[in-house]
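A.B. asks: Sharing a structure with you now.
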Amino acid sequence: MATAPSAASRIAVVTGASSGIGAATARQLAAAGYRVVLTARREDRIEALAKEINDAGHQATAYPLDVTDRAAVDEFATAFKAVAVLVNNAGGALGADPVATGDPADWRTMYETNVIGTLNLTQALLPKLEASGDGTVVVVSSTAGHATYEGGAGYVAAKHGAHVLAETLRLEIVGKPVRVIEIAPGMVRTDEFALTRFGGDEEKAAKVYQGVAEPLTADDVADTITWTVTRPSHVNIDLLVVRPRAQASNTKVHRDL
């Protein structure tokens, strides 16, 4: 039986790598020996991260990319003969309005980034993942992709879409040398997620985590991603749900107030 190539000769593409979970995942996969390709729209952020990773003695390249731009994604894919890992992390939430008053533009944006962006990268790189002989697709969804909550319908709908994409892809490509992994984080405190969701309103963003002593961090989620990716080739972690101890469900959180 042929020995799989070492991680040092293998490429890991991480979308949404300019901050939060994406940036933390890029750092950890690089430390695990992968040649990491960082993609995001904010070129200055990924260039700085690539420099940080390279200065630490690892390998990283920055590639500015909007995952919703299919032509740009297809052009990006031509740069590779084979890709070992694709981490579909780009996404995010906008607003917390009820269905009755939700902004259709916000819903459309969330669907485009969380679902169509994941579809674009997965379709474009799937032949490269197969060509590696031992590929892995990671979809970073959310516990919102598995249970609903009031005020979150647009994001919940998008993350349900991401969940179903991963689940269906796994069925469709069984027998090919590509694993499909879904990571579904619960409450994660990052610098930007809640702030972006609430249009820069710092007070609303802070309330999301109010009284929760230890929400998950980006590094916590990156650690789970890296662990699943680095399992032996025959081991597929179909779905990993990770929450802070203080969170029992999307709607039940222990808060010290």
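Each chain in the structure tokens gets a letter, A, B, ..., in the order shown, and its residues are numbered from 1; ligands are numbered from 1 in order too.
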Taking only C-alpha atoms into account, produce a table as JSON lines in which each residue of stretch 22-97 of chain A with an atom at most 12 Å from an atom of stretch 132-135 of chain A appears once, together with its shortest atom pair and the distance in Å to one decimal, ordered by chain and rising number.
C.D. replies:
```
{"residue": "A:Phe80", "atom": "CA", "partner": "A:Ser132", "partner_atom": "CA", "distance": 10.4}
{"residue": "A:Lys81", "atom": "CA", "partner": "A:Ser132", "partner_atom": "CA", "distance": 8.3}
{"residue": "A:Ala82", "atom": "CA", "partner": "A:Ser132", "partner_atom": "CA", "distance": 5.0}
{"residue": "A:Val83", "atom": "CA", "partner": "A:Ser132", "partner_atom": "CA", "distance": 5.9}
{"residue": "A:Ala84", "atom": "CA", "partner": "A:Gly135", "partner_atom": "CA", "distance": 4.5}
{"residue": "A:Val85", "atom": "CA", "partner": "A:Gly135", "partner_atom": "CA", "distance": 5.7}
{"residue": "A:Leu86", "atom": "CA", "partner": "A:Gly135", "partner_atom": "CA", "distance": 8.2}
{"residue": "A:Val87", "atom": "CA", "partner": "A:Gly135", "partner_atom": "CA", "distance": 11.1}
```
A.B. asks: When DSSP is applied to the backbone of this structure, which of stretch 105-227 of chain A are assigned helix (DSSP H, G or I)? Write them out as a PyMOL selection string.
C.D. replies: chain A and resi 105-131+143-145+153-172+193-197+202-208+218-227
A.B. asks: Taking the chain letters and numbering used in this document, name the residues of stretch 4-35 of chain A that DSSP puts in strand (DSSP E), as a ChimeraX atom specification.
C.D. replies: /A:11-14,35
A.B. asks: When you look at A:Val235 with a cut-off of 12 Å (counting only C-alpha atoms), what residues show up, excluding the ones that are within fewer than 6 positions of it in the same chain? I need them as a JSON list (two decimals) with C-alpha atoms, in the first residue's frame.
C.D. replies:
```
[["chain", "number", "residue", "atom", "x", "y", "z"],
["A", 134, "ASP", "CA", -6.04, 11.64, 0.27],
["A", 136, "THR", "CA", -10.31, 16.35, 3.06],
["A", 177, "PRO", "CA", -10.23, 9.31, -1.64],
["A", 178, "VAL", "CA", -11.81, 12.41, -0.07],
["A", 179, "ARG", "CA", -13.24, 12.77, 3.44],
["A", 180, "VAL", "CA", -16.04, 15.23, 4.24],
["A", 181, "ILE", "CA", -15.98, 16.68, 7.75],
["A", 227, "TRP", "CA", -7.54, 17.27, 15.03],
["A", 228, "THR", "CA", -10.11, 15.96, 12.54],
["A", 229, "VAL", "CA", -7.90, 16.73, 9.54]]
```
A.B. asks: Here is a test: counting only C-alpha atoms, which residue of A:Glu130, A:Glu47, A:Glu167, A:Asp191 is nearest to A:Tyr209?
C.D. replies: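 For A:Tyr209, the nearest of the given residues is A:Asp191.
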A.B. asks: Pick from A:Thr15, A:Thr109, A:Asn88, A:Asn114: nearest to A:Tyr63, with only C-alpha atoms counted?
C.D. replies: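 Comparing A:Thr15, A:Thr109, A:Asn88, A:Asn114 against A:Tyr63, the winner is A:Thr15.
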A.B. asks: Do a neighbour search on A:Ile21 at 10 Å with only C-alpha atoms, toss out local chain neighbours closer than 3 positions, and write the hits as a list of chain:residue names.
C.D. replies: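 Contacts, in chain order: A:Val14, A:Thr15, A:Gly16, A:Ala17, A:Ser18, A:Ala24, A:Thr25, A:Ala26, A:Arg27, A:Asn89, A:Ala90, A:Val140, A:Val188, A:Arg189, A:Thr190, A:Phe193, A:Thr217, A:Ala218, A:Asp219, A:Asp220, A:Val221, A:Ala222, A:Asp223, A:Ile225.
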A.B. asks: Compile the contact shell of A:Gly95 as a count of residues only: residues with an atom at most 12 Å away, counting only C-alpha atoms, same-chain residues fewer than 2 positions apart removed.
C.D. replies: 32
A.B. asks: For atom CA of A:Ala62 and atom CA of A:Leu216, quote the distance in Å rounded to one decimal.
C.D. replies: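 Between atom CA of A:Ala62 and atom CA of A:Leu216 the gap works out to 26.5 Å.
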A.B. asks: Please indicate the distance in Å from atom CA of A:Leu257 to atom CA of A:Val212, rounded to one decimal place.
C.D. replies: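 Between atom CA of A:Leu257 and atom CA of A:Val212 the gap is 8.7 Å.
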A.B. asks: With only C-alpha atoms as the basis for distance, which of A:Val208, A:Asp238, A:Lys252, A:Ala131 is at the shortest distance from A:Ala96?
C.D. replies: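 Of the candidates, the smallest distance to A:Ala96 is held by A:Val208.
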